[in-house]
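J.: This is the content of protein.cif (mmCIF, C-alpha atoms):
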data_my_file
loop_
_atom_site.label_atom_id
_atom_site.label_comp_id
_atom_site.auth_asym_id
_atom_site.auth_seq_id
_atom_site.Cartn_x
_atom_site.Cartn_y
_atom_site.Cartn_z
CA MET Z 7 29.42 43.67 -78.09
CA GLN Z 8 25.75 44.49 -77.75
CA ARG Z 9 24.99 46.70 -74.77
CA ARG Z 10 21.88 45.97 -72.72
CA PRO Z 11 19.41 48.82 -72.35
CA LEU Z 12 19.96 50.73 -69.09
CA ILE Z 13 16.27 50.48 -68.19
CA THR Z 14 16.50 46.65 -68.19
CA VAL Z 15 19.47 46.69 -65.84
CA SER Z 16 17.72 49.19 -63.55
CA LEU Z 17 14.55 47.12 -63.36
CA ARG Z 18 16.52 43.99 -62.53
CA ALA Z 19 18.46 45.84 -59.83
CA LEU Z 20 15.23 47.16 -58.37
CA ALA Z 21 13.68 43.69 -58.35
CA LEU Z 22 16.75 42.25 -56.63
CA ALA Z 23 16.73 45.00 -53.98
CA THR Z 24 13.01 44.51 -53.34
CA ALA Z 25 13.38 40.75 -53.01
CA THR Z 26 16.29 41.18 -50.61
CA ALA Z 27 14.32 43.59 -48.42
CA LEU Z 28 11.30 41.31 -48.33
CA PHE Z 29 13.51 38.34 -47.45
CA CYS Z 30 15.11 40.17 -44.52
CA ALA Z 31 11.82 41.54 -43.19
CA GLY Z 32 10.16 38.15 -43.38
CA ALA Z 33 13.05 36.00 -42.18
CA ALA Z 34 11.27 35.06 -38.97
CA LEU Z 35 8.10 34.21 -40.88
CA ALA Z 36 9.95 31.93 -43.28
CA GLN Z 37 10.71 29.40 -40.57
CA THR Z 38 8.46 26.37 -40.55
CA GLY Z 39 9.19 24.79 -37.18
CA PRO Z 40 7.06 25.48 -34.11
CA LEU Z 41 7.69 28.51 -31.91
CA ARG Z 42 9.14 27.33 -28.60
CA THR Z 43 8.21 29.30 -25.52
CA ALA Z 44 7.39 28.98 -21.83
CA VAL Z 45 5.19 30.29 -19.03
CA ASP Z 46 4.95 30.06 -15.27
CA ALA Z 47 1.70 28.06 -15.12
CA THR Z 48 0.99 29.09 -11.51
CA PHE Z 49 0.31 32.74 -12.39
CA ALA Z 50 -3.48 32.92 -12.81
CA PRO Z 51 -5.16 34.26 -14.87
CA HIS Z 52 -2.18 34.66 -17.22
CA ALA Z 53 -1.24 30.99 -17.24
CA MET Z 54 -2.64 28.15 -15.17
CA ALA Z 55 -3.14 24.42 -15.44
CA LYS Z 56 -6.39 23.17 -16.93
CA LEU Z 57 -8.24 19.92 -16.45
CA GLY Z 58 -7.08 17.28 -18.90
CA GLY Z 59 -3.58 18.74 -19.16
CA GLY Z 60 -1.97 21.78 -20.70
CA SER Z 61 -2.33 25.41 -19.69
CA GLN Z 62 -4.90 28.14 -20.13
CA GLY Z 63 -5.06 31.87 -19.50
CA PHE Z 64 -4.58 35.28 -21.08
CA ASN Z 65 -0.97 34.67 -22.13
CA ILE Z 66 -1.79 31.23 -23.51
CA ASP Z 67 -4.46 32.75 -25.75
CA LEU Z 68 -2.06 35.56 -26.67
CA GLY Z 69 0.66 33.10 -27.68
CA GLU Z 70 -1.67 30.94 -29.74
CA GLU Z 71 -3.00 33.99 -31.60
CA LEU Z 72 0.53 35.26 -32.16
CA ALA Z 73 1.60 31.91 -33.66
CA LYS Z 74 -1.48 31.84 -35.88
CA ARG Z 75 -0.64 35.25 -37.31
CA LEU Z 76 2.96 34.21 -37.92
CA GLY Z 77 1.82 31.05 -39.68
CA ARG Z 78 3.55 28.84 -37.11
CA LYS Z 79 2.60 26.25 -34.53
CA ILE Z 80 3.53 26.94 -30.92
CA GLU Z 81 4.89 24.75 -28.13
CA ILE Z 82 4.27 26.23 -24.66
CA GLU Z 83 6.22 24.71 -21.80
CA ALA Z 84 5.21 25.20 -18.17
CA THR Z 85 8.19 25.90 -15.94
CA GLU Z 86 9.27 27.93 -12.91
CA PHE Z 87 9.71 31.65 -13.47
CA SER Z 88 13.36 31.42 -12.40
CA GLY Z 89 14.09 29.11 -15.34
CA LEU Z 90 12.60 31.32 -18.05
CA VAL Z 91 15.49 33.68 -18.85
CA PRO Z 92 18.18 30.95 -18.69
CA GLY Z 93 16.01 28.89 -21.06
CA LEU Z 94 15.78 31.81 -23.48
CA ASN Z 95 19.52 32.49 -23.39
CA SER Z 96 20.34 28.80 -23.96
CA LYS Z 97 18.02 28.84 -27.02
CA ARG Z 98 15.66 26.32 -25.45
CA TYR Z 99 12.96 28.94 -26.10
CA ASP Z 100 12.58 31.34 -29.02
CA PHE Z 101 10.94 33.94 -26.81
CA LEU Z 102 9.17 34.14 -23.44
CA LEU Z 103 5.38 34.10 -23.30
CA ALA Z 104 5.22 34.53 -19.51
CA PRO Z 105 4.51 38.11 -18.35
CA VAL Z 106 7.88 39.87 -18.01
CA THR Z 107 7.96 43.47 -16.76
CA VAL Z 108 10.22 45.66 -18.90
CA THR Z 109 12.81 47.44 -16.74
CA PRO Z 110 15.99 49.31 -17.73
CA GLU Z 111 18.10 46.42 -16.39
CA ARG Z 112 16.20 43.76 -18.34
CA ALA Z 113 16.19 45.89 -21.49
CA LYS Z 114 19.99 45.71 -21.49
CA ALA Z 115 19.90 41.91 -21.55
CA MET Z 116 16.94 41.16 -23.84
CA LEU Z 117 15.11 42.60 -26.85
CA PHE Z 118 11.48 43.43 -26.01
CA THR Z 119 8.48 43.90 -28.22
CA GLU Z 120 6.24 46.82 -27.34
CA GLY Z 121 4.09 46.31 -24.25
CA TYR Z 122 0.87 44.33 -24.52
CA LEU Z 123 -0.47 45.09 -20.99
CA ASP Z 124 0.15 47.72 -18.34
CA THR Z 125 1.61 46.22 -15.16
CA ASP Z 126 0.03 48.32 -12.42
CA TYR Z 127 -0.86 47.66 -8.77
CA SER Z 128 -4.49 47.48 -7.56
CA PHE Z 129 -6.29 47.01 -4.26
CA LEU Z 130 -8.84 44.24 -3.73
CA GLY Z 131 -11.50 44.72 -1.06
CA ARG Z 132 -14.79 43.28 0.07
CA LYS Z 133 -17.93 44.30 -1.79
CA GLY Z 134 -19.03 47.75 -0.70
CA SER Z 135 -15.59 48.92 0.36
CA THR Z 136 -14.56 52.40 -0.74
CA LEU Z 137 -10.98 53.21 -1.69
CA THR Z 138 -10.65 56.08 -4.13
CA LYS Z 139 -7.29 57.51 -3.00
CA LEU Z 140 -4.26 56.33 -1.03
CA GLU Z 141 -5.17 58.58 1.91
CA ASP Z 142 -8.20 56.30 2.48
CA LEU Z 143 -5.78 53.59 3.68
CA LYS Z 144 -5.36 55.32 7.05
CA GLY Z 145 -6.04 52.83 9.86
CA LYS Z 146 -6.55 49.92 7.42
CA THR Z 147 -4.70 46.60 7.11
CA ILE Z 148 -3.31 45.42 3.78
CA ALA Z 149 -2.50 41.78 2.95
CA VAL Z 150 0.41 41.19 0.55
CA ASN Z 151 2.35 38.27 -0.89
CA LYS Z 152 5.75 37.67 0.71
CA GLY Z 153 8.72 38.81 -1.36
CA SER Z 154 6.57 40.56 -3.97
CA ASN Z 155 6.83 44.10 -5.33
CA TYR Z 156 3.60 44.74 -3.45
CA GLU Z 157 5.20 43.90 -0.12
CA GLY Z 158 7.96 46.35 -0.99
CA TRP Z 159 5.44 49.07 -1.80
CA ALA Z 160 3.55 48.45 1.46
CA ARG Z 161 6.76 48.55 3.49
CA ASP Z 162 7.86 51.80 1.85
CA ASN Z 163 4.50 53.55 2.27
CA ALA Z 164 2.99 52.23 5.52
CA ALA Z 165 4.18 55.19 7.60
CA LYS Z 166 3.30 57.75 4.93
CA TYR Z 167 -0.33 56.65 4.64
CA ASP Z 168 -0.69 55.31 8.23
CA PHE Z 169 -1.73 51.72 7.45
CA LYS Z 170 -0.59 48.30 8.68
CA PHE Z 171 0.26 45.35 6.46
CA ASP Z 172 0.46 41.59 6.92
CA VAL Z 173 2.61 39.30 4.78
CA TYR Z 174 1.35 35.94 3.47
CA GLY Z 175 3.06 33.02 1.77
CA SER Z 176 0.93 33.31 -1.37
CA ASN Z 177 -1.39 35.88 -2.85
CA ALA Z 178 -4.24 33.37 -2.57
CA ASP Z 179 -3.71 33.42 1.21
CA ALA Z 180 -3.68 37.23 1.15
CA VAL Z 181 -7.02 37.25 -0.70
CA GLN Z 182 -8.42 34.79 1.83
CA ALA Z 183 -7.39 37.19 4.62
CA VAL Z 184 -9.61 39.86 3.04
CA LEU Z 185 -12.55 37.46 2.77
CA ALA Z 186 -12.07 36.42 6.41
CA THR Z 187 -11.93 40.12 7.48
CA ARG Z 188 -8.39 39.76 8.83
CA ALA Z 189 -7.37 42.42 6.32
CA ASP Z 190 -9.21 45.27 4.62
CA TYR Z 191 -7.44 45.05 1.29
CA ASN Z 192 -5.13 42.87 -0.74
CA LEU Z 193 -2.55 44.66 -2.90
CA ALA Z 194 -1.46 42.81 -6.07
CA GLY Z 195 -1.12 43.21 -9.82
CA THR Z 196 -4.12 44.82 -11.51
CA THR Z 197 -4.85 41.81 -13.71
CA VAL Z 198 -4.61 39.37 -10.79
CA VAL Z 199 -6.90 41.56 -8.68
CA ALA Z 200 -9.40 41.85 -11.53
CA TRP Z 201 -9.39 38.07 -11.93
CA ALA Z 202 -10.02 37.52 -8.20
CA ALA Z 203 -12.95 39.95 -8.23
CA LYS Z 204 -14.34 38.32 -11.38
CA GLN Z 205 -14.22 34.89 -9.70
CA ASN Z 206 -15.69 35.97 -6.34
CA PRO Z 207 -18.77 38.24 -6.16
CA ALA Z 208 -17.94 39.07 -2.52
CA LEU Z 209 -14.88 41.02 -3.70
CA GLN Z 210 -14.34 44.18 -5.74
CA THR Z 211 -11.42 46.10 -7.18
CA GLY Z 212 -10.33 49.42 -5.70
CA TYR Z 213 -7.73 52.10 -6.28
CA THR Z 214 -5.04 51.46 -8.91
CA ILE Z 215 -1.44 52.65 -8.58
CA LYS Z 216 -0.05 53.48 -12.03
CA THR Z 217 3.57 52.35 -12.39
CA GLY Z 218 4.21 53.38 -15.98
CA LEU Z 219 5.60 49.88 -16.64
CA VAL Z 220 4.41 47.26 -19.12
CA TRP Z 221 4.62 43.57 -19.86
CA ALA Z 222 6.22 42.70 -23.21
CA LEU Z 223 7.59 39.65 -25.04
CA PRO Z 224 11.37 39.18 -24.59
CA PHE Z 225 13.68 37.85 -27.31
CA ARG Z 226 17.43 37.27 -27.30
CA LEU Z 227 19.57 40.27 -28.19
CA ASP Z 228 20.66 38.53 -31.41
CA ASP Z 229 17.11 37.86 -32.62
CA ALA Z 230 16.04 41.20 -34.06
CA ALA Z 231 14.10 39.44 -36.84
CA GLY Z 232 12.04 37.41 -34.38
CA ARG Z 233 11.32 40.50 -32.30
CA ALA Z 234 10.27 42.44 -35.41
CA ALA Z 235 7.88 39.72 -36.60
CA ALA Z 236 6.24 39.37 -33.17
CA SER Z 237 6.04 43.16 -32.81
CA ASN Z 238 4.23 43.47 -36.12
CA ALA Z 239 1.73 40.80 -35.06
CA LEU Z 240 1.11 42.55 -31.72
CA LYS Z 241 0.46 45.85 -33.50
CA CYS Z 242 -2.12 44.11 -35.68
CA MET Z 243 -3.71 42.47 -32.62
CA LYS Z 244 -4.06 45.89 -31.01
CA GLN Z 245 -5.33 47.45 -34.21
CA ASP Z 246 -8.19 44.95 -34.61
CA GLY Z 247 -9.02 44.85 -30.87
CA THR Z 248 -7.89 41.26 -30.23
CA ILE Z 249 -5.81 42.04 -27.12
CA ALA Z 250 -8.56 44.22 -25.64
CA LYS Z 251 -11.03 41.34 -26.14
CA LEU Z 252 -8.67 38.93 -24.35
CA ALA Z 253 -8.39 41.39 -21.45
CA LEU Z 254 -12.18 41.51 -21.17
CA LYS Z 255 -12.37 37.71 -21.33
CA TRP Z 256 -9.80 37.02 -18.63
CA PHE Z 257 -9.80 40.15 -16.44
CA GLY Z 258 -13.33 41.42 -16.88
CA TYR Z 259 -12.41 44.94 -17.99
CA THR Z 260 -11.95 46.81 -21.27
CA PRO Z 261 -8.58 48.62 -21.52
CA GLY Z 262 -8.59 52.37 -22.17
CA SER Z 263 -7.15 54.04 -25.25
CA GLU Z 264 -3.85 54.79 -23.48
CA ASP Z 265 -3.37 51.25 -22.11
CA ALA Z 266 -0.61 49.12 -23.62
CA ALA Z 267 -3.26 46.60 -24.71
CA VAL Z 268 -4.61 49.21 -27.13
CA LYS Z 269 -1.98 51.88 -27.78
CA ILE Z 270 0.38 51.05 -30.66
CA ALA Z 271 4.02 52.13 -30.27
CA PRO Z 272 5.31 54.14 -33.24
CA GLY Z 273 8.51 52.10 -33.48
CA THR Z 274 9.66 48.66 -32.34
CA GLY Z 275 10.05 47.91 -28.63
CA VAL Z 276 9.17 49.89 -25.51
CA PRO Z 277 9.69 53.65 -25.90
CA GLY Z 278 12.23 55.00 -23.42
CA MET Z 279 13.80 51.59 -22.78
CA GLY Z 280 17.00 50.07 -24.15
CA GLY Z 281 16.62 48.28 -27.47
CA TYR Z 282 13.82 50.55 -28.67
CA ASP Z 283 13.99 51.31 -32.40
CA PRO Z 284 12.14 54.59 -33.08
CA THR Z 285 11.93 53.99 -36.84
CA PRO Z 286 8.21 54.40 -37.66
CA VAL Z 287 6.46 51.12 -38.42
CA THR Z 288 3.27 50.64 -40.44
CA PRO Z 289 1.74 47.29 -39.34
CA LYS Z 290 1.40 44.75 -42.13
CA CYS Z 291 -1.73 42.79 -41.20
CA VAL Z 292 -3.36 39.92 -43.03
#
What does the file become when written as structure tokens?
T.:
Amino acid sequence: MQRRPLITVSLRALALATATALFCAGAALAQTGPLRTAVDATFAPHAMAKLGGGSQGFNIDLGEELAKRLGRKIEIEATEFSGLVPGLNSKRYDFLLAPVTVTPERAKAMLFTEGYLDTDYSFLGRKGSTLTKLEDLKGKTIAVNKGSNYEGWARDNAAKYDFKFDVYGSNADAVQAVLATRADYNLAGTTVVAWAAKQNPALQTGYTIKTGLVWALPFRLDDAAGRAAASNALKCMKQDGTIAKLALKWFGYTPGSEDAAVKIAPGTGVPGMGGYDPTPVTPKCV
């Protein structure tokens, strides 16, 4: 029997191993159907209804750019926030495009990409107001949205910083209270506050409370390939400045070098949270 040269066998084995690795890494990209996702379309400026139908906002642009880089179409459904996670778990959605804050509890139940925006708290005041530190809140009145994290912060810190706070049914009502001088400041998410100030020249942003938390894209625990593909695309979008440009477009500010919109995680996921894979990743960008 004629024996095949060892070098031929080795080359074939190497080719097979390479093809297998490329297949696994690109499994999510190989799909041809549309990406199915959802947003809460009442959360301006991240997602909101537009005239003529459909939705617009930072996260809508983010999702469309993500799909483009994955070579897929995208279907974005508008639904209530409470229905997002059940829809993901039932496989109605491939991932969630709505802003979802990464917490230790959520990281046990879902696989997150790295963060794409910091989720901090900021104060909104009338033009000319000065708020450079929390001690400046003494004797002031803060307007907050009922049931929000911001109401919780105000309740926990009112005595410490000697301020009063009023609770409103929506953040829009809280902003109106500032405009009507019933309150000195509105406390809300930094991006929401920036959007309000961008839309109304009578308002301006004030002090920002850094939380150390981020918004990221959640996938099901069994969809590591989907998470990896989206993570790679996000890294590329940070690398070429796309996410920073979207922040400027919708929020009116340019993120700093340490913001999640710019800083690329070394691995896959959110460092320090469950599901994070510290294996170094070199973005593969087209």
J.: Counting all atoms listed in the file, what are the residues of stretch 191-258 of chain Z within 12 Å of stretch 130-151 of chain Z, and for each of them which pair of atoms is the nearest and at what distance in Å, to one decimal? Sort the table by chain and rising number, as a Markdown table.
T.:
| residue | atom | partner | partner_atom | distance |
| --- | --- | --- | --- | --- |
| Z:Tyr191 | CA | Z:Gly131 | CA | 4.7 |
| Z:Asn192 | CA | Z:Ala149 | CA | 4.7 |
| Z:Leu193 | CA | Z:Val150 | CA | 5.7 |
| Z:Ala194 | CA | Z:Val150 | CA | 7.1 |
| Z:Gly195 | CA | Z:Leu130 | CA | 9.9 |
| Z:Thr196 | CA | Z:Leu130 | CA | 9.1 |
| Z:Thr197 | CA | Z:Leu130 | CA | 11.0 |
| Z:Val198 | CA | Z:Leu130 | CA | 9.6 |
| Z:Val199 | CA | Z:Leu130 | CA | 6.0 |
| Z:Ala200 | CA | Z:Leu130 | CA | 8.2 |
| Z:Trp201 | CA | Z:Leu130 | CA | 10.3 |
| Z:Ala202 | CA | Z:Leu130 | CA | 8.2 |
| Z:Ala203 | CA | Z:Leu130 | CA | 7.5 |
| Z:Lys204 | CA | Z:Leu130 | CA | 11.1 |
| Z:Asn206 | CA | Z:Lys133 | CA | 9.8 |
| Z:Pro207 | CA | Z:Lys133 | CA | 7.5 |
| Z:Ala208 | CA | Z:Lys133 | CA | 5.3 |
| Z:Leu209 | CA | Z:Arg132 | CA | 4.4 |
| Z:Gln210 | CA | Z:Lys133 | CA | 5.3 |
| Z:Thr211 | CA | Z:Leu130 | CA | 4.7 |
| Z:Gly212 | CA | Z:Leu137 | CA | 5.6 |
| Z:Tyr213 | CA | Z:Thr138 | CA | 5.4 |
| Z:Thr214 | CA | Z:Thr138 | CA | 8.7 |
| Z:Ile215 | CA | Z:Leu140 | CA | 8.9 |
J.: Any idea what the distance is between atom CA of Z:Gln245 and atom CA of Z:Val292?
T.: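 So the two atoms, atom CA of Z:Gln245 and atom CA of Z:Val292, lie 11.8 Å apart.
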J.: Counting all atoms listed in the file, which residue out of Z:Asp265, Z:Glu81, Z:Glu157, Z:Asp229 sits closest to Z:Tyr174?
T.: Z:Glu157
J.: Quick one: pull the distance between atom CA of Z:Gly175 and atom CA of Z:Asp124, Å, one decimal.
T.: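 Pair atom CA of Z:Gly175 / atom CA of Z:Asp124 returns 25.1 Å.
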J.: Record the distance separating atom CA of Z:Thr248 and atom CA of Z:Phe49, expressed in Å with one decimal.
T.: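 Separating atom CA of Z:Thr248 from atom CA of Z:Phe49 is a distance of 21.4 Å.
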J.: Closest to Z:Ala104 among Z:Ser154, Z:Ser176, Z:Leu185, Z:Ala222, using only C-alpha atoms?
T.: Z:Ala222
J.: Determine the nearest neighbour of Z:Ala50 from the options Z:Ala180, Z:Phe257, Z:Ala231, Z:Ser237, counting only C-alpha atoms.
T.: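 Checking each candidate against Z:Ala50, we get Z:Phe257 as the closest.
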J.: For this file, the PyMOL selection byres ((chain Z and resi 112) around 12) selects which residues, as a list in words?
T.: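 For this structure, the PyMOL selection byres ((chain Z and resi 112) around 12) captures Val91, Val106, Thr107, Val108, Thr109, Pro110, Glu111, Ala113, Lys114, Ala115, Met116, Leu117, Phe118, Trp221, Ala222, Leu223, Pro224, Phe225, Arg226, Leu227, Val276, Met279, Gly280 and Gly281 of chain Z.
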J.: Which residue out of Z:Pro51, Z:Gly121, Z:Gly218, Z:Gly232 has the minimum interatomic distance to Z:Lys269 when only C-alpha atoms are used?
T.: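 The shortest atom-to-atom distance to Z:Lys269 comes from Z:Gly121.
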J.: List the residues matched by the PyMOL selection byres ((chain Z and resi 288) around 9) in the displayed structure as a list in words, ordered by chain and then by residue number.
T.: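 Expected selection for the PyMOL selection byres ((chain Z and resi 288) around 9) here is Asn238, Lys241, Pro272, Gly273, Pro286, Val287, Pro289 and Lys290 of chain Z.
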J.: Here's a test: counting all atoms listed in the file, identify every protein, DNA and RNA residue with an atom at most 10 Å from (-4.0, 46.6, -23.0) in the file's coordinate frame, and state them as a PyMOL selection string.
T.: chain Z and resi 121-125+220-221+244+247-254+259-270
